[in-house]
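J.: Below you'll find the structure I mean.
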Amino acid sequence: MVMAPDMVAVRRAQAARMRGLRVPHGVLFVAPYLPFLVGFGILPMLYALYLAVTNDSGSWVGIDNFVRTVRDYRFLPAFGHIILYTCVWLGSLIVIVVALALLLHGRANRTSSTFRFLFYIPGALAGASSVLVWLFMLDPVVSPGSFLLHHLLGSELFVESIAPGKLPFVFAMIAFWTGAGGWIVVMYGALNTIPDELEEAARIDGAGPLTVALRLKLPLIRKWIAYMTILAFATGTQLFVEPQLVNQASLGLVPDTWSSNQLAFQLAFRYGDFNGAAAIAVDLIAIGLIAAVLIVMRTGLFRTED
Amino acid sequence: MRLLKGSAPPRSLLRSFRRSVLASLAVTGVVAIAACSSGSANSSSNQGSTDLTVWVDSVRMPVAEAYAKAHPNQHVNIVTFDGDGNGASTLQTKIQLWNRTGSGWPDVVFSEQVNDPVWMAQKPFDFAAPLKDLISANLLSQWPAASTAQCTINGELYCVQDNLAQVVLWVNKKLMDQFGYTVPKTWQEWAALGTKVAAEHPGYIVGNIGDSFGHWIYLWGNKCPLEQFQGDKLLINPADSHCTRVATMLDPLIKNGSVPPLSVFTPDFAQKYGGANDKVLLMPGPAWYAQALFDQTLHIPAGQITAAAALQWENETPITTGQVGGGPWIISRHSKNLKGAADFVVWATTVFNPTGQDARPGYPAYAPLADAWLSAQASNSYFAADPTPALKSAASQVWAGWNLVTYPDQPVWSNTVITQLVAGKSLSSLLQPFGDALAQAAQASGYTVARQ
């Protein structure tokens, strides 16, 4: 459909006016948040970068802190733990959240809204409180799910539930329970942006519910899945609350440097080595950024198309 | 066609944009200023030099409250915290933050970790105040030499211990009489009894090894060199015969269940071995187990428990035993009320000695108070027999070859040894990894380690 040149000009003028009008309103929403983003997000990040390349007295040491922290005997085990944890958690999060969201979207409305609410409730608990709930769940003596603990985890005692080999899976379970609900709601919202006509057209063409879910809806929410992956990867690699609380509750059975973030915490406060802690923090942000850039490039997250 | 493409937005739009940005920045600025000023108002109100801020754990809270009651003219702010026990880094975190901001230090701190004063007295924390000028030498001389030695870092005294925690052998007299056993005097007799109990009365125990301080009971008392200063080096040698012979003795007992790798403070333990039908026959443990563990935690009925002398290894003399805690009181060098702080610490360690239900849970470190406490415990109806002779004799038998260091060794024992004991490995096979992990922790804390 070709438009006449003056029609094109009118359309362009309308678009420009709309864009011009929208700018101040958008900034109005974002502006109160900007000082906090700068003050509590960007400035500390720059300070950490500064600390990571200097030493105690402020003089430049290059990559000395990075080399020193990598050589710490707890560094590699901690990174190993969080890589394994992130793989388990991210994998289960993406698969189960998307599957549940697709399932809820395909179902009748009242059932799906009840279930959305139920899935969301665990996420309403603050992170630390949910770990405390799980400390009870993991103790076979007091847990209501002791049957599952006996047969799935094979544990008769609390110390067996938190045996070193089981920890990535235990933490993934805790993090999933608190995080999945919110993401299901987001995915459901994403699915709602799919125009009904597309779905109807697909059904008319003879597609069953499974085909509609996998071949039609899934590709269209690709960007939301990418967004979820980026954020979940970052929170996964920066795990802190779960191992720290289980460390305290188990009186040291789970080490206080299980995750890299915990190691940074210990370096800062037990040894007073803020530069080493900053180096680990920069490592974590670097892998988060690399993952984000890779995902953005592969999925075209910021590409605008129709 | 180039009319609107690339041209600046109209002036009216610019003005409203600028206005909205300025308005939002003004709002955030006002909020920030309000928050900052209210924060500083709070800190300035606590600057009075007659105020006393004490940090105590829940067990020491009665002491602080009693002091406040007995000294109505002294305003005491009592803050309870987790006591920094079991190798936690609570106090390190707090002190680092206070040092960085330059304010907030309490006047007196109680810690459950007996090695806390060691790092508190050194850089980068520099928190503890030397006590030489704050407490009279007369008073200080009444603490046992071993206790004073533990609080002396680089030649200066930085703390006083609240209680001694010498390891004795706790005995369930009722069950021992019932089964016809005699109380063992040596580790060998104890081990033999453990084997016997596993055969004749399975389910009953003669000790446990699942606590974060298990190594202090079994290895410290038997002179295993895992934390021994030798000049400027730290000796960590788990291959020493003093260590290996203990592991060889314990392995069959762990295997047959008479010394389970469970912690006494878990619900699992209380359910299995505590309560009215308790199965605790013997238990090597510290003086403070007395009522705190057996009565309040495990709810073992009165008339069963008493204490026997610390176990001897074959016929080696002198008899040495281990130590589990003995929390120190530390005064902050930044305190604006050093006199009040010293007064509090002296009162808490030399005066506070209620009787009956509220009695001190631990053996007082200050000798005259210890005598008073012992005579009260001698007539304590909870015990089946007088536990005080055993407690008194063990007080001077703590092995001095286990020195205090800046890093905590409890978490290393917990996550290197206990997790593997639970998984079924033997203690003998875990001594080397334990020593290696201790050496790593020591080196990370700046010590030069000698491995033999």
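If you're wondering about the labels, chains in the structure tokens are A, B, ... by order shown, residues count from 1 in each chain, ligands from 1 in order shown.
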Show me a table, sorted first by chain and then by increasing residue number, of the residues of chain A having an atom at most 7 Å from chain B, each with its shortest atom pair and the distance in Å to one decimal, counting only C-alpha atoms and written as JSON lines.
T.:
```
{"residue": "A:Ala9", "atom": "CA", "partner": "B:Met1", "partner_atom": "CA", "distance": 6.1}
{"residue": "A:Ala13", "atom": "CA", "partner": "B:Leu4", "partner_atom": "CA", "distance": 6.3}
{"residue": "A:Gly20", "atom": "CA", "partner": "B:Pro9", "partner_atom": "CA", "distance": 6.4}
{"residue": "A:Pro24", "atom": "CA", "partner": "B:Phe17", "partner_atom": "CA", "distance": 5.0}
{"residue": "A:Leu28", "atom": "CA", "partner": "B:Ser20", "partner_atom": "CA", "distance": 6.2}
{"residue": "A:Ala31", "atom": "CA", "partner": "B:Ser24", "partner_atom": "CA", "distance": 6.4}
{"residue": "A:Pro32", "atom": "CA", "partner": "B:Ser24", "partner_atom": "CA", "distance": 5.6}
{"residue": "A:Val141", "atom": "CA", "partner": "B:Asp268", "partner_atom": "CA", "distance": 6.5}
{"residue": "A:Leu157", "atom": "CA", "partner": "B:Asp268", "partner_atom": "CA", "distance": 6.9}
{"residue": "A:Ala163", "atom": "CA", "partner": "B:Thr419", "partner_atom": "CA", "distance": 6.5}
{"residue": "A:Leu251", "atom": "CA", "partner": "B:Asn86", "partner_atom": "CA", "distance": 5.9}
{"residue": "A:Gly252", "atom": "CA", "partner": "B:Pro411", "partner_atom": "CA", "distance": 4.7}
{"residue": "A:Leu253", "atom": "CA", "partner": "B:Asn415", "partner_atom": "CA", "distance": 4.6}
{"residue": "A:Val254", "atom": "CA", "partner": "B:Asn415", "partner_atom": "CA", "distance": 6.1}
{"residue": "A:Pro255", "atom": "CA", "partner": "B:Asn415", "partner_atom": "CA", "distance": 6.3}
{"residue": "A:Phe269", "atom": "CA", "partner": "B:Thr93", "partner_atom": "CA", "distance": 4.9}
{"residue": "A:Arg270", "atom": "CA", "partner": "B:Gln92", "partner_atom": "CA", "distance": 5.6}
{"residue": "A:Gly272", "atom": "CA", "partner": "B:Pro124", "partner_atom": "CA", "distance": 6.4}
```
J.: Per DSSP on the backbone, what are the alpha helix (DSSP H) residues of stretch 152-226 of chain B, as number ranges by chain?
T.: B: 173-179, 187-200, 214-215
J.: List every residue of stretch 30-268 of chain B that DSSP, applied to the backbone of this structure, places in strand (DSSP E), and write the result as a VMD selection string.
T.: chain B and resid 51 to 56 75 to 80 108 to 110 152 to 153 156 to 157 160 to 161 163 to 164 167 to 172 228 to 230 233 to 235
J.: Any chance you could export the current selection's N, CA and C atoms as a short mmCIF file (atom, residue, chain, number, x, y, z; two decimals), in the first residue's frame?
T.:
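Wrote it out as out.cif, contents follow:
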```
data_model
loop_
_atom_site.label_atom_id
_atom_site.label_comp_id
_atom_site.auth_asym_id
_atom_site.auth_seq_id
_atom_site.Cartn_x
_atom_site.Cartn_y
_atom_site.Cartn_z
N ASP B 51 26.58 7.60 79.66
CA ASP B 51 25.88 6.48 79.08
C ASP B 51 26.81 5.29 78.94
N LEU B 52 26.24 4.11 79.04
CA LEU B 52 27.03 2.89 78.86
C LEU B 52 26.29 2.01 77.86
N THR B 53 26.98 1.64 76.80
CA THR B 53 26.36 0.73 75.83
C THR B 53 27.06 -0.61 75.92
N VAL B 54 26.29 -1.66 76.22
CA VAL B 54 26.88 -2.99 76.32
C VAL B 54 26.23 -3.93 75.32
N TRP B 55 27.04 -4.70 74.66
CA TRP B 55 26.57 -5.71 73.72
C TRP B 55 26.74 -7.07 74.38
N VAL B 56 25.63 -7.80 74.56
CA VAL B 56 25.67 -9.11 75.21
C VAL B 56 24.86 -10.10 74.40
N HIS B 75 22.97 5.07 83.18
CA HIS B 75 22.08 4.69 82.09
C HIS B 75 22.77 3.64 81.22
N VAL B 76 22.18 2.46 81.15
CA VAL B 76 22.80 1.36 80.41
C VAL B 76 21.95 1.01 79.19
N ASN B 77 22.55 1.11 78.01
CA ASN B 77 21.88 0.63 76.79
C ASN B 77 22.31 -0.80 76.55
N ILE B 78 21.36 -1.71 76.65
CA ILE B 78 21.69 -3.13 76.46
C ILE B 78 21.30 -3.55 75.05
N VAL B 79 22.26 -4.06 74.31
CA VAL B 79 21.99 -4.55 72.97
C VAL B 79 22.30 -6.04 72.93
N THR B 80 21.32 -6.85 72.57
CA THR B 80 21.59 -8.28 72.44
C THR B 80 21.89 -8.61 70.99
N VAL B 108 31.16 -1.88 76.07
CA VAL B 108 31.55 -3.22 76.51
C VAL B 108 30.94 -4.24 75.56
N VAL B 109 31.70 -5.25 75.23
CA VAL B 109 31.19 -6.32 74.37
C VAL B 109 31.48 -7.65 75.03
N PHE B 110 30.50 -8.57 75.01
CA PHE B 110 30.75 -9.94 75.42
C PHE B 110 30.78 -10.79 74.16
N THR B 152 45.96 -12.46 77.02
CA THR B 152 47.14 -11.62 76.82
C THR B 152 47.60 -11.76 75.39
N ILE B 153 47.56 -10.63 74.66
CA ILE B 153 47.96 -10.64 73.26
C ILE B 153 49.10 -9.65 73.10
N GLU B 156 50.05 -7.67 76.24
CA GLU B 156 49.09 -6.80 76.95
C GLU B 156 47.82 -7.58 77.23
N LEU B 157 47.17 -7.24 78.36
CA LEU B 157 45.91 -7.90 78.70
C LEU B 157 44.76 -7.14 78.05
N VAL B 160 38.94 -10.03 80.04
CA VAL B 160 38.85 -10.96 81.17
C VAL B 160 37.76 -11.97 80.83
N GLN B 161 38.02 -13.21 81.17
CA GLN B 161 37.04 -14.23 80.85
C GLN B 161 35.92 -14.20 81.86
N ASN B 163 33.76 -16.87 82.28
CA ASN B 163 33.70 -18.18 82.91
C ASN B 163 34.75 -19.11 82.30
N LEU B 164 35.10 -20.12 83.05
CA LEU B 164 36.00 -21.15 82.55
C LEU B 164 35.18 -22.27 81.95
N VAL B 167 36.86 -29.05 80.21
CA VAL B 167 36.12 -30.26 79.84
C VAL B 167 36.25 -31.29 80.97
N VAL B 168 35.11 -31.79 81.41
CA VAL B 168 35.08 -32.86 82.41
C VAL B 168 34.29 -34.02 81.82
N LEU B 169 34.15 -35.10 82.59
CA LEU B 169 33.33 -36.21 82.12
C LEU B 169 31.99 -36.15 82.84
N TRP B 170 30.93 -35.83 82.10
CA TRP B 170 29.60 -35.82 82.69
C TRP B 170 29.07 -37.26 82.72
N VAL B 171 28.50 -37.65 83.84
CA VAL B 171 28.10 -39.05 84.07
C VAL B 171 26.62 -39.10 84.42
N ASN B 172 25.92 -40.05 83.83
CA ASN B 172 24.54 -40.29 84.24
C ASN B 172 24.59 -41.38 85.30
N GLN B 228 49.40 -24.59 67.65
CA GLN B 228 50.42 -24.41 68.66
C GLN B 228 51.50 -23.49 68.16
N PHE B 229 51.72 -22.38 68.87
CA PHE B 229 52.76 -21.45 68.47
C PHE B 229 54.13 -22.05 68.76
N GLN B 230 55.00 -21.96 67.77
CA GLN B 230 56.40 -22.36 67.98
C GLN B 230 57.25 -21.21 67.47
N LYS B 233 56.09 -19.28 64.28
CA LYS B 233 55.33 -20.14 63.37
C LYS B 233 54.17 -20.78 64.12
N LEU B 234 53.17 -21.19 63.34
CA LEU B 234 52.03 -21.89 63.91
C LEU B 234 52.11 -23.34 63.49
N LEU B 235 52.19 -24.23 64.47
CA LEU B 235 52.32 -25.66 64.17
C LEU B 235 50.95 -26.28 63.98
#
```
J.: Considering only C-alpha atoms, state which residue in the set A:Phe176, A:Tyr47, A:Tyr73, A:Phe115 is at the smallest distance from A:Val95.
T.: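 Between A:Phe176, A:Tyr47, A:Tyr73, A:Phe115, the residue approaching A:Val95 most closely is A:Phe176.
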J.: Calculated over only C-alpha atoms, which of the candidates B:Glu65, B:Asp240, B:Asp343, B:Asp84 has the smallest distance to B:Ile135?
T.: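 Distance minimum relative to B:Ile135 lands on B:Asp343.
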J.: Measure the distance from atom CA of B:Ala276 to atom CA of B:Trp216 in Å and round it to one decimal.
T.: 28.7 Å
J.: Go through A:Val30, A:Ala207, A:Ala268, A:Ile287 one by one, measure the shortest atom-to-atom distance of each to B:Arg100 using only C-alpha atoms, and give the residue with the smallest value.
T.: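 Closest residue, counting only C-alpha atoms: A:Ala268.
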J.: One number please: atom CA of B:Gly424 to atom CA of B:Gly221, in Å, one decimal.
T.: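 It comes out at 24.6 Å.
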J.: Could you name the residues that touch stretch 52-54 of chain A at 10 Å or less, counting only C-alpha atoms, but leaving out those on the same chain fewer than 5 positions away, as JSON, numbers by chain?
T.: {"A": [46, 47, 59, 60, 61, 62, 63, 64, 65, 66, 274, 275, 276, 277, 278, 279, 280, 281, 282, 283]}
J.: Please measure the separation of atom CA of B:Asn115 and atom CA of A:Ser259, giving the value in Å to one decimal.
T.: 25.5 Å
J.: Kindly indicate which residue among B:Ile254, B:Leu281, B:Met249, B:Ile236 lies nearest to B:Gly180, using only C-alpha atoms for the distances.
T.: B:Leu281
J.: Under the rule of at most 8 Å, produce a per-residue listing of stretch 361-420 of chain B near stretch 295-315 of chain B: chain, number, name, the closest pair of atoms, and the distance in Å, as JSON lines, using only C-alpha atoms.
T.:
```
{"residue": "B:Ser381", "atom": "CA", "partner": "B:Gly303", "partner_atom": "CA", "distance": 7.2}
{"residue": "B:Tyr382", "atom": "CA", "partner": "B:Ala302", "partner_atom": "CA", "distance": 4.5}
{"residue": "B:Phe383", "atom": "CA", "partner": "B:Gly303", "partner_atom": "CA", "distance": 5.2}
{"residue": "B:Ala384", "atom": "CA", "partner": "B:Gly303", "partner_atom": "CA", "distance": 4.1}
{"residue": "B:Ala385", "atom": "CA", "partner": "B:Thr306", "partner_atom": "CA", "distance": 5.6}
{"residue": "B:Asp386", "atom": "CA", "partner": "B:Thr306", "partner_atom": "CA", "distance": 6.7}
{"residue": "B:Pro387", "atom": "CA", "partner": "B:Ala307", "partner_atom": "CA", "distance": 4.5}
{"residue": "B:Thr388", "atom": "CA", "partner": "B:Ala307", "partner_atom": "CA", "distance": 7.5}
{"residue": "B:Pro389", "atom": "CA", "partner": "B:Ala309", "partner_atom": "CA", "distance": 7.8}
{"residue": "B:Ala390", "atom": "CA", "partner": "B:Ala309", "partner_atom": "CA", "distance": 4.4}
{"residue": "B:Leu391", "atom": "CA", "partner": "B:Ala307", "partner_atom": "CA", "distance": 7.2}
{"residue": "B:Ser393", "atom": "CA", "partner": "B:Ala309", "partner_atom": "CA", "distance": 7.2}
{"residue": "B:Ala394", "atom": "CA", "partner": "B:Ala310", "partner_atom": "CA", "distance": 6.1}
```
J.: Could you write those residues out with all heavy atoms, as a PDB file, in the first residue's frame?
T.:
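That gives us result.pdb:
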```pdb
ATOM      1  N   SER B 381      20.053 -29.476  93.817  1.00  0.00           N
ATOM      2  CA  SER B 381      19.304 -30.726  93.822  1.00  0.00           C
ATOM      3  C   SER B 381      19.160 -31.343  92.441  1.00  0.00           C
ATOM      4  O   SER B 381      18.681 -32.459  92.306  1.00  0.00           O
ATOM      5  CB  SER B 381      17.906 -30.484  94.400  1.00  0.00           C
ATOM      6  OG  SER B 381      17.257 -29.485  93.636  1.00  0.00           O
ATOM      7  N   TYR B 382      19.564 -30.631  91.372  1.00  0.00           N
ATOM      8  CA  TYR B 382      19.442 -31.222  90.044  1.00  0.00           C
ATOM      9  C   TYR B 382      20.416 -32.393  89.883  1.00  0.00           C
ATOM     10  O   TYR B 382      20.116 -33.382  89.229  1.00  0.00           O
ATOM     11  CB  TYR B 382      19.687 -30.162  88.960  1.00  0.00           C
ATOM     12  CG  TYR B 382      19.627 -30.756  87.586  1.00  0.00           C
ATOM     13  CD1 TYR B 382      18.410 -31.126  87.012  1.00  0.00           C
ATOM     14  CD2 TYR B 382      20.796 -31.013  86.869  1.00  0.00           C
ATOM     15  CE1 TYR B 382      18.358 -31.721  85.766  1.00  0.00           C
ATOM     16  CE2 TYR B 382      20.738 -31.603  85.611  1.00  0.00           C
ATOM     17  CZ  TYR B 382      19.521 -31.955  85.077  1.00  0.00           C
ATOM     18  OH  TYR B 382      19.467 -32.558  83.841  1.00  0.00           O
ATOM     19  N   PHE B 383      21.592 -32.269  90.512  1.00  0.00           N
ATOM     20  CA  PHE B 383      22.627 -33.272  90.283  1.00  0.00           C
ATOM     21  C   PHE B 383      22.432 -34.483  91.179  1.00  0.00           C
ATOM     22  O   PHE B 383      21.952 -34.383  92.306  1.00  0.00           O
ATOM     23  CB  PHE B 383      24.014 -32.669  90.518  1.00  0.00           C
ATOM     24  CG  PHE B 383      24.330 -31.561  89.561  1.00  0.00           C
ATOM     25  CD1 PHE B 383      24.449 -30.260  90.023  1.00  0.00           C
ATOM     26  CD2 PHE B 383      24.485 -31.800  88.212  1.00  0.00           C
ATOM     27  CE1 PHE B 383      24.729 -29.221  89.149  1.00  0.00           C
ATOM     28  CE2 PHE B 383      24.760 -30.772  87.332  1.00  0.00           C
ATOM     29  CZ  PHE B 383      24.876 -29.479  87.801  1.00  0.00           C
ATOM     30  N   ALA B 384      22.832 -35.645  90.678  1.00  0.00           N
ATOM     31  CA  ALA B 384      22.712 -36.882  91.453  1.00  0.00           C
ATOM     32  C   ALA B 384      23.756 -36.936  92.555  1.00  0.00           C
ATOM     33  O   ALA B 384      23.557 -37.573  93.577  1.00  0.00           O
ATOM     34  CB  ALA B 384      22.864 -38.084  90.524  1.00  0.00           C
ATOM     35  N   ALA B 385      24.895 -36.293  92.319  1.00  0.00           N
ATOM     36  CA  ALA B 385      25.954 -36.264  93.323  1.00  0.00           C
ATOM     37  C   ALA B 385      26.713 -34.957  93.152  1.00  0.00           C
ATOM     38  O   ALA B 385      26.538 -34.255  92.150  1.00  0.00           O
ATOM     39  CB  ALA B 385      26.901 -37.454  93.143  1.00  0.00           C
ATOM     40  N   ASP B 386      27.573 -34.625  94.073  1.00  0.00           N
ATOM     41  CA  ASP B 386      28.287 -33.354  94.044  1.00  0.00           C
ATOM     42  C   ASP B 386      29.250 -33.315  92.849  1.00  0.00           C
ATOM     43  O   ASP B 386      30.213 -34.084  92.806  1.00  0.00           O
ATOM     44  CB  ASP B 386      29.049 -33.194  95.360  1.00  0.00           C
ATOM     45  CG  ASP B 386      29.755 -31.858  95.455  1.00  0.00           C
ATOM     46  OD1 ASP B 386      29.554 -31.027  94.533  1.00  0.00           O
ATOM     47  OD2 ASP B 386      30.500 -31.650  96.410  1.00  0.00           O
ATOM     48  N   PRO B 387      29.016 -32.409  91.878  1.00  0.00           N
ATOM     49  CA  PRO B 387      29.904 -32.373  90.719  1.00  0.00           C
ATOM     50  C   PRO B 387      31.130 -31.498  90.945  1.00  0.00           C
ATOM     51  O   PRO B 387      31.998 -31.435  90.087  1.00  0.00           O
ATOM     52  CB  PRO B 387      29.009 -31.773  89.634  1.00  0.00           C
ATOM     53  CG  PRO B 387      28.087 -30.875  90.378  1.00  0.00           C
ATOM     54  CD  PRO B 387      27.893 -31.471  91.744  1.00  0.00           C
ATOM     55  N   THR B 388      31.156 -30.758  92.058  1.00  0.00           N
ATOM     56  CA  THR B 388      32.163 -29.702  92.181  1.00  0.00           C
ATOM     57  C   THR B 388      33.618 -30.180  92.280  1.00  0.00           C
ATOM     58  O   THR B 388      34.492 -29.508  91.741  1.00  0.00           O
ATOM     59  CB  THR B 388      31.836 -28.779  93.367  1.00  0.00           C
ATOM     60  OG1 THR B 388      31.753 -29.546  94.554  1.00  0.00           O
ATOM     61  CG2 THR B 388      30.538 -28.060  93.120  1.00  0.00           C
ATOM     62  N   PRO B 389      33.937 -31.299  92.953  1.00  0.00           N
ATOM     63  CA  PRO B 389      35.361 -31.686  92.979  1.00  0.00           C
ATOM     64  C   PRO B 389      35.934 -31.893  91.578  1.00  0.00           C
ATOM     65  O   PRO B 389      37.036 -31.444  91.275  1.00  0.00           O
ATOM     66  CB  PRO B 389      35.362 -33.007  93.763  1.00  0.00           C
ATOM     67  CG  PRO B 389      34.109 -33.000  94.531  1.00  0.00           C
ATOM     68  CD  PRO B 389      33.116 -32.246  93.722  1.00  0.00           C
ATOM     69  N   ALA B 390      35.137 -32.538  90.701  1.00  0.00           N
ATOM     70  CA  ALA B 390      35.611 -32.771  89.338  1.00  0.00           C
ATOM     71  C   ALA B 390      35.802 -31.452  88.609  1.00  0.00           C
ATOM     72  O   ALA B 390      36.798 -31.234  87.920  1.00  0.00           O
ATOM     73  CB  ALA B 390      34.611 -33.647  88.587  1.00  0.00           C
ATOM     74  N   LEU B 391      34.838 -30.541  88.745  1.00  0.00           N
ATOM     75  CA  LEU B 391      34.922 -29.257  88.064  1.00  0.00           C
ATOM     76  C   LEU B 391      36.147 -28.485  88.553  1.00  0.00           C
ATOM     77  O   LEU B 391      36.874 -27.877  87.759  1.00  0.00           O
ATOM     78  CB  LEU B 391      33.656 -28.433  88.313  1.00  0.00           C
ATOM     79  CG  LEU B 391      32.367 -28.984  87.694  1.00  0.00           C
ATOM     80  CD1 LEU B 391      31.157 -28.208  88.182  1.00  0.00           C
ATOM     81  CD2 LEU B 391      32.434 -28.941  86.184  1.00  0.00           C
ATOM     82  N   SER B 393      38.945 -29.634  89.991  1.00  0.00           N
ATOM     83  CA  SER B 393      40.252 -30.182  89.616  1.00  0.00           C
ATOM     84  C   SER B 393      40.538 -29.963  88.151  1.00  0.00           C
ATOM     85  O   SER B 393      41.666 -29.703  87.757  1.00  0.00           O
ATOM     86  CB  SER B 393      40.308 -31.671  89.952  1.00  0.00           C
ATOM     87  OG  SER B 393      39.350 -32.377  89.169  1.00  0.00           O
ATOM     88  N   ALA B 394      39.509 -30.007  87.287  1.00  0.00           N
ATOM     89  CA  ALA B 394      39.753 -29.846  85.854  1.00  0.00           C
ATOM     90  C   ALA B 394      40.086 -28.405  85.493  1.00  0.00           C
ATOM     91  O   ALA B 394      40.688 -28.151  84.448  1.00  0.00           O
ATOM     92  CB  ALA B 394      38.523 -30.313  85.067  1.00  0.00           C
TER      93      ALA B 394
END
```
J.: Excluding A:Thr229 and any residue of its chain fewer than 4 positions from it, enumerate the residues within 12 Å of it, using only C-alpha atoms, and give them as JSON, numbers by chain.
T.: {"A": [86, 87, 89, 90, 91, 92, 93, 94, 95, 97, 98, 183, 222, 223, 224, 225, 233, 234, 235, 236, 237, 288, 291, 292, 293, 294, 295, 296, 299, 301]}
